[in-house]
Amino acid sequence: SWWLAPPVRLPAGAGLNRTSWDLRADNPPAFTHSFEINANPGLTPASPEGPLVPPGTYTLRLTALGKTYTQPVTVVNDPRSPATAADVQAQYALQTKIVAGMQTSWDAYQQVAALRAAVAADTAASLGAEVIAAAKAFDSTLAAVGGNAERGGGGFGGFGGGPRPAPSFVSVNGNLVNQINALEQGDMAPTPAMLASYAAACNDLVSAVTTWSRIKGAGLTAFNAVVTKHNLQPVTAATPAIAVPVCR
């Protein structure tokens with residue numbers, strides 16, 4: 001922790017204060033984090049970070065004691081950068097899509113985790129063999145679509161042989177982490193390979209969301225039929241529904 005940058009908080013003392021905007025959007029949610037090799041004590045942020053904003057005019061807004069103050073600020077591109085304004089805008093557009101996919105996979109995983117906890121709590125006191133078997137089978141299905149958050153999901157599924165596993169929310173999130181980190185390497189328009197990688201990850205996310213919707217529908221109904229048969233309370237899935245991403 002000696003290396004890690006603490007979260008930036010606005011000073012709240014009376015009088016003149018100063019803070020610096022890092023010119024980034026908010027950090028996307030991720031199950032795995034890495035740290036740059038060129039670390040500085042107390043100043044090293046965890047990756048992935050939010051994308052750098054493109055050049056343009058922004059509005060700073062400060063609210064204190066019920067009163068709001070605004071001030072425009074202009075962001076310009078680094079004069080050493082060879083990228084055009086269109087290049088930077090295209091890069092930011094792809095980063096924004098990646099962040100949206102990371103948020104969707106994160107939110108969906110939280111719903112899966114909540115349902116797994118509910119299934120475990122609902123069956124913990126039951127010794128009925130039918131309920132226990134149904135709970136184990138249903139939990140296995142939930143674990144497959146959710147993924148293993150402790151291991152993360154940035155690896156190469158199927159690379160060592162065997163069929164590629166079905167995409168999970170953790171694996172998709174890890175894939176998108178790798179992509180957004182790669183886009184940190186410099187100002188440039190996305191390459192065809194980068195766009196193809198995003199399209200593949202987005203399609204995997206569509207597959208996982210579709211599977212999750214099916215589990216919350218027919219799968220949960222079948223499990224609850226076993227539960228209510230043994231006079232236990234049925235399990236309710238988390239809301240709201242996760243929207244199926246649109247991949248372009």
# chains A, B, ... in the order shown; residues from 1 in each chain; ligands from 1
>>> select_by_dssp(residues="stretch 26-184 of chain A", states="alpha helix (DSSP H)", output="JSON, numbers by chain")
{"A": [85, 86, 87, 88, 89, 90, 91, 92, 93, 94, 95, 96, 97, 98, 99, 100, 101, 102, 103, 104, 105, 106, 107, 108, 109, 110, 111, 112, 113, 114, 115, 116, 117, 118, 119, 120, 121, 122, 123, 129, 130, 131, 132, 133, 134, 135, 136, 137, 138, 139, 140, 141, 142, 143, 144, 145, 146, 169, 170, 171, 172, 173, 174, 175, 176, 177, 178, 179, 180, 181, 182]}
>>> select_by_dssp(residues="stretch 28-210 of chain A", states="strand (DSSP E)", output="list in words")
Ser34, Phe35, Ala46, Ser47, Gly56, Thr57, Tyr58, Thr59, Leu60, Arg61, Leu62, Thr63, Ala64, Lys67, Thr68, Tyr69, Thr70, Gln71, Pro72, Val73, Thr74 and Val75 of chain A
>>> write_last_selection(atoms="N, CA and C atoms", output="tab-separated table (two decimals), in the first residue's frame")
chain	number	residue	atom	x	y	z
A	34	SER	N	-4.31	-3.92	-11.99
A	34	SER	CA	-2.87	-4.04	-12.13
A	34	SER	C	-2.24	-2.69	-11.84
A	35	PHE	N	-0.93	-2.67	-11.75
A	35	PHE	CA	-0.22	-1.44	-11.41
A	35	PHE	C	0.96	-1.26	-12.36
A	46	ALA	N	-4.37	2.43	-9.49
A	46	ALA	CA	-4.67	1.08	-9.98
A	46	ALA	C	-5.31	1.17	-11.35
A	47	SER	N	-4.88	0.30	-12.25
A	47	SER	CA	-5.51	0.20	-13.56
A	47	SER	C	-6.60	-0.88	-13.49
A	56	GLY	N	-11.90	19.70	-25.58
A	56	GLY	CA	-13.21	20.32	-25.66
A	56	GLY	C	-13.42	21.26	-24.49
A	57	THR	N	-14.59	21.83	-24.40
A	57	THR	CA	-14.95	22.74	-23.32
A	57	THR	C	-15.82	22.00	-22.31
A	58	TYR	N	-15.43	22.08	-21.04
A	58	TYR	CA	-16.14	21.40	-19.97
A	58	TYR	C	-16.57	22.43	-18.92
A	59	THR	N	-17.51	22.03	-18.09
A	59	THR	CA	-17.99	22.91	-17.03
A	59	THR	C	-17.65	22.30	-15.68
A	60	LEU	N	-16.90	23.03	-14.89
A	60	LEU	CA	-16.64	22.63	-13.51
A	60	LEU	C	-17.77	23.14	-12.64
A	61	ARG	N	-18.24	22.28	-11.74
A	61	ARG	CA	-19.37	22.66	-10.90
A	61	ARG	C	-19.03	22.33	-9.45
A	62	LEU	N	-19.09	23.32	-8.59
A	62	LEU	CA	-18.82	23.16	-7.16
A	62	LEU	C	-20.06	23.57	-6.38
A	63	THR	N	-20.51	22.67	-5.51
A	63	THR	CA	-21.66	22.97	-4.65
A	63	THR	C	-21.19	22.98	-3.21
A	64	ALA	N	-21.40	24.09	-2.52
A	64	ALA	CA	-20.99	24.22	-1.13
A	64	ALA	C	-22.02	25.06	-0.38
A	67	LYS	N	-25.05	26.31	-2.26
A	67	LYS	CA	-24.88	27.20	-3.40
A	67	LYS	C	-23.96	26.55	-4.42
A	68	THR	N	-24.30	26.70	-5.70
A	68	THR	CA	-23.53	26.07	-6.78
A	68	THR	C	-22.80	27.13	-7.59
A	69	TYR	N	-21.54	26.84	-7.87
A	69	TYR	CA	-20.69	27.72	-8.67
A	69	TYR	C	-20.22	26.94	-9.90
A	70	THR	N	-20.20	27.59	-11.05
A	70	THR	CA	-19.75	26.94	-12.28
A	70	THR	C	-18.67	27.76	-12.94
A	71	GLN	N	-17.82	27.08	-13.68
A	71	GLN	CA	-16.74	27.75	-14.39
A	71	GLN	C	-16.36	26.89	-15.60
A	72	PRO	N	-16.29	27.47	-16.80
A	72	PRO	CA	-15.87	26.69	-17.96
A	72	PRO	C	-14.36	26.47	-17.95
A	73	VAL	N	-13.95	25.36	-18.51
A	73	VAL	CA	-12.52	25.06	-18.65
A	73	VAL	C	-12.32	24.39	-20.01
A	74	THR	N	-11.26	24.76	-20.69
A	74	THR	CA	-10.97	24.20	-22.01
A	74	THR	C	-9.82	23.19	-21.91
A	75	VAL	N	-10.07	22.00	-22.42
A	75	VAL	CA	-9.05	20.94	-22.46
A	75	VAL	C	-8.50	20.89	-23.88
>>> atom_distance(atom1="atom CA of A:Thr32", atom2="atom CA of A:Ala114")
20.0 Å
>>> closest_residue(among="A:Cys202, A:Leu115, A:Ala100, A:Ile180", to="A:Thr239", atoms="only C-alpha atoms")
A:Leu115
>>> residues_around(residues="A:Pro54", least_positions_apart="4", cutoff="12 Å", atoms="only C-alpha atoms", output="list in words")
Leu23, Arg24, Ala25, Tyr58, Thr74, Val75, Val76, Asn77, Asp78, Ala83, Thr84, Ala85, Ala86, Asp87, Val88, Gln89, Ala90, Gln91, Tyr92, Ala93, Gln95, Thr96, Asp187 and Met188 of chain A
>>> write_last_selection(atoms="C-alpha atoms", output="tab-separated table (two decimals), in the first residue's frame")
chain	number	residue	atom	x	y	z
A	23	LEU	CA	-8.70	14.90	-16.93
A	24	ARG	CA	-10.25	11.45	-16.64
A	25	ALA	CA	-13.75	10.07	-16.47
A	58	TYR	CA	-16.14	21.40	-19.97
A	74	THR	CA	-10.97	24.20	-22.01
A	75	VAL	CA	-9.05	20.94	-22.46
A	76	VAL	CA	-6.55	20.88	-25.32
A	77	ASN	CA	-4.61	17.97	-26.73
A	78	ASP	CA	-0.95	17.52	-25.82
A	83	ALA	CA	-3.15	12.29	-33.17
A	84	THR	CA	-5.81	14.41	-34.83
A	85	ALA	CA	-8.94	15.55	-33.03
A	86	ALA	CA	-10.89	12.87	-34.95
A	87	ASP	CA	-8.42	10.20	-33.81
A	88	VAL	CA	-8.82	11.15	-30.16
A	89	GLN	CA	-12.61	11.34	-30.43
A	90	ALA	CA	-12.72	7.87	-32.02
A	91	GLN	CA	-10.49	6.50	-29.28
A	92	TYR	CA	-12.67	8.00	-26.56
A	93	ALA	CA	-15.82	6.67	-28.23
A	95	GLN	CA	-13.28	3.57	-24.53
A	96	THR	CA	-16.77	4.77	-23.59
A	187	ASP	CA	-3.29	8.86	-28.58
A	188	MET	CA	-4.47	7.00	-31.65
>>> closest_residue(among="A:Ala149, A:Val206, A:Val99, A:Val119", to="A:Asp26", atoms="only C-alpha atoms")
A:Val99
>>> atom_distance(atom1="atom CA of A:Ala143", atom2="atom CA of A:Asn181")
26.8 Å
>>> closest_residue(among="A:Ala120, A:Leu16, A:Cys247, A:Leu43", to="A:Val227", atoms="only C-alpha atoms")
A:Ala120
>>> residues_around(residues="A:Asn40", least_positions_apart="5", cutoff="10 Å", atoms="only C-alpha atoms", output="number ranges by chain")
A: 2-5, 45
>>> residues_around(residues="A:Gly147", least_positions_apart="6", cutoff="8 Å", atoms="only C-alpha atoms", output="MDAnalysis selection string")
chainID A and resid 109 153 168:171
>>> write_last_selection(atoms="all heavy atoms", output="mmCIF file, in the first residue's frame")
data_model
loop_
_atom_site.group_PDB
_atom_site.id
_atom_site.type_symbol
_atom_site.label_atom_id
_atom_site.label_comp_id
_atom_site.auth_asym_id
_atom_site.auth_seq_id
_atom_site.Cartn_x
_atom_site.Cartn_y
_atom_site.Cartn_z
ATOM 1 N N TYR A 109 -23.143 -9.323 -12.653
ATOM 2 C CA TYR A 109 -22.503 -10.236 -11.703
ATOM 3 C C TYR A 109 -23.055 -10.029 -10.301
ATOM 4 O O TYR A 109 -23.267 -11.000 -9.562
ATOM 5 C CB TYR A 109 -20.993 -10.033 -11.696
ATOM 6 C CG TYR A 109 -20.311 -10.879 -10.626
ATOM 7 C CD1 TYR A 109 -19.975 -12.200 -10.878
ATOM 8 C CD2 TYR A 109 -20.054 -10.362 -9.362
ATOM 9 C CE1 TYR A 109 -19.390 -12.992 -9.900
ATOM 10 C CE2 TYR A 109 -19.477 -11.141 -8.369
ATOM 11 C CZ TYR A 109 -19.144 -12.453 -8.647
ATOM 12 O OH TYR A 109 -18.590 -13.237 -7.657
ATOM 13 N N GLY A 153 -10.884 -12.406 -14.828
ATOM 14 C CA GLY A 153 -11.253 -12.986 -16.119
ATOM 15 C C GLY A 153 -10.422 -12.500 -17.266
ATOM 16 O O GLY A 153 -10.887 -12.422 -18.389
ATOM 17 N N SER A 168 -18.665 -15.654 -19.265
ATOM 18 C CA SER A 168 -19.275 -15.267 -17.994
ATOM 19 C C SER A 168 -19.109 -13.768 -17.838
ATOM 20 O O SER A 168 -18.355 -13.119 -18.568
ATOM 21 C CB SER A 168 -18.605 -16.001 -16.829
ATOM 22 O OG SER A 168 -17.272 -15.533 -16.648
ATOM 23 N N PHE A 169 -19.798 -13.208 -16.850
ATOM 24 C CA PHE A 169 -19.686 -11.765 -16.631
ATOM 25 C C PHE A 169 -18.282 -11.387 -16.167
ATOM 26 O O PHE A 169 -17.768 -10.330 -16.536
ATOM 27 C CB PHE A 169 -20.741 -11.315 -15.627
ATOM 28 C CG PHE A 169 -22.144 -11.450 -16.155
ATOM 29 C CD1 PHE A 169 -23.105 -12.170 -15.453
ATOM 30 C CD2 PHE A 169 -22.508 -10.873 -17.354
ATOM 31 C CE1 PHE A 169 -24.395 -12.311 -15.937
ATOM 32 C CE2 PHE A 169 -23.795 -10.997 -17.857
ATOM 33 C CZ PHE A 169 -24.739 -11.726 -17.144
ATOM 34 N N VAL A 170 -17.649 -12.248 -15.391
ATOM 35 C CA VAL A 170 -16.286 -11.956 -14.948
ATOM 36 C C VAL A 170 -15.309 -12.046 -16.109
ATOM 37 O O VAL A 170 -14.420 -11.195 -16.247
ATOM 38 C CB VAL A 170 -15.882 -12.913 -13.808
ATOM 39 C CG1 VAL A 170 -14.390 -12.772 -13.495
ATOM 40 C CG2 VAL A 170 -16.693 -12.628 -12.554
ATOM 41 N N SER A 171 -15.451 -13.060 -16.955
ATOM 42 C CA SER A 171 -14.516 -13.205 -18.072
ATOM 43 C C SER A 171 -14.652 -12.059 -19.070
ATOM 44 O O SER A 171 -13.654 -11.555 -19.596
ATOM 45 C CB SER A 171 -14.723 -14.550 -18.779
ATOM 46 O OG SER A 171 -15.961 -14.601 -19.466
#
>>> residues_around(residues="A:Ala121", least_positions_apart="6", cutoff="12 Å", atoms="only C-alpha atoms", output="list of chain:residue names")
A:Ala114, A:Leu115, A:Ile132, A:Ala135, A:Asp139, A:Leu232, A:Gln233, A:Pro234, A:Val235
>>> write_last_selection(atoms="N, CA, C and O atoms", output="short mmCIF file (atom, residue, chain, number, x, y, z; two decimals), in the first residue's frame")
data_model
loop_
_atom_site.label_atom_id
_atom_site.label_comp_id
_atom_site.auth_asym_id
_atom_site.auth_seq_id
_atom_site.Cartn_x
_atom_site.Cartn_y
_atom_site.Cartn_z
N ALA A 114 -26.14 -12.08 -5.74
CA ALA A 114 -27.26 -11.92 -4.82
C ALA A 114 -28.21 -13.12 -4.89
O ALA A 114 -28.71 -13.60 -3.86
N LEU A 115 -28.45 -13.62 -6.10
CA LEU A 115 -29.33 -14.77 -6.24
C LEU A 115 -28.68 -16.02 -5.66
O LEU A 115 -29.35 -16.85 -5.03
N ILE A 132 -31.85 -30.00 -1.82
CA ILE A 132 -30.39 -29.83 -1.85
C ILE A 132 -29.84 -30.10 -3.24
O ILE A 132 -28.99 -29.36 -3.75
N ALA A 135 -30.80 -27.18 -5.46
CA ALA A 135 -30.03 -25.99 -5.13
C ALA A 135 -28.62 -26.08 -5.68
O ALA A 135 -28.08 -25.11 -6.22
N ASP A 139 -27.25 -23.57 -8.43
CA ASP A 139 -26.09 -22.76 -8.09
C ASP A 139 -24.96 -22.97 -9.10
O ASP A 139 -24.23 -22.03 -9.44
N LEU A 232 -41.08 -24.24 1.40
CA LEU A 232 -40.08 -23.19 1.61
C LEU A 232 -40.45 -21.97 0.79
O LEU A 232 -41.19 -22.06 -0.20
N GLN A 233 -39.93 -20.82 1.21
CA GLN A 233 -40.22 -19.58 0.50
C GLN A 233 -39.50 -19.56 -0.84
O GLN A 233 -38.31 -19.90 -0.94
N PRO A 234 -40.22 -19.17 -1.91
CA PRO A 234 -39.55 -19.07 -3.21
C PRO A 234 -38.52 -17.95 -3.21
O PRO A 234 -38.59 -17.01 -2.42
N VAL A 235 -37.58 -18.06 -4.12
CA VAL A 235 -36.49 -17.09 -4.25
C VAL A 235 -36.87 -16.06 -5.30
O VAL A 235 -37.43 -16.41 -6.35
#
>>> residues_around(residues="A:Asn203", least_positions_apart="2", cutoff="10 Å", atoms="only C-alpha atoms", output="JSON, numbers by chain")
{"A": [167, 172, 197, 198, 199, 200, 201, 205, 206, 207, 208, 209, 244, 245, 246, 247, 248]}
>>> closest_residue(among="A:Ala243, A:Ala196, A:Ala118, A:Ile98", to="A:Thr210", atoms="only C-alpha atoms")
A:Ala243
>>> atom_distance(atom1="atom CA of A:Asp107", atom2="atom CA of A:Ile242")
7.9 Å
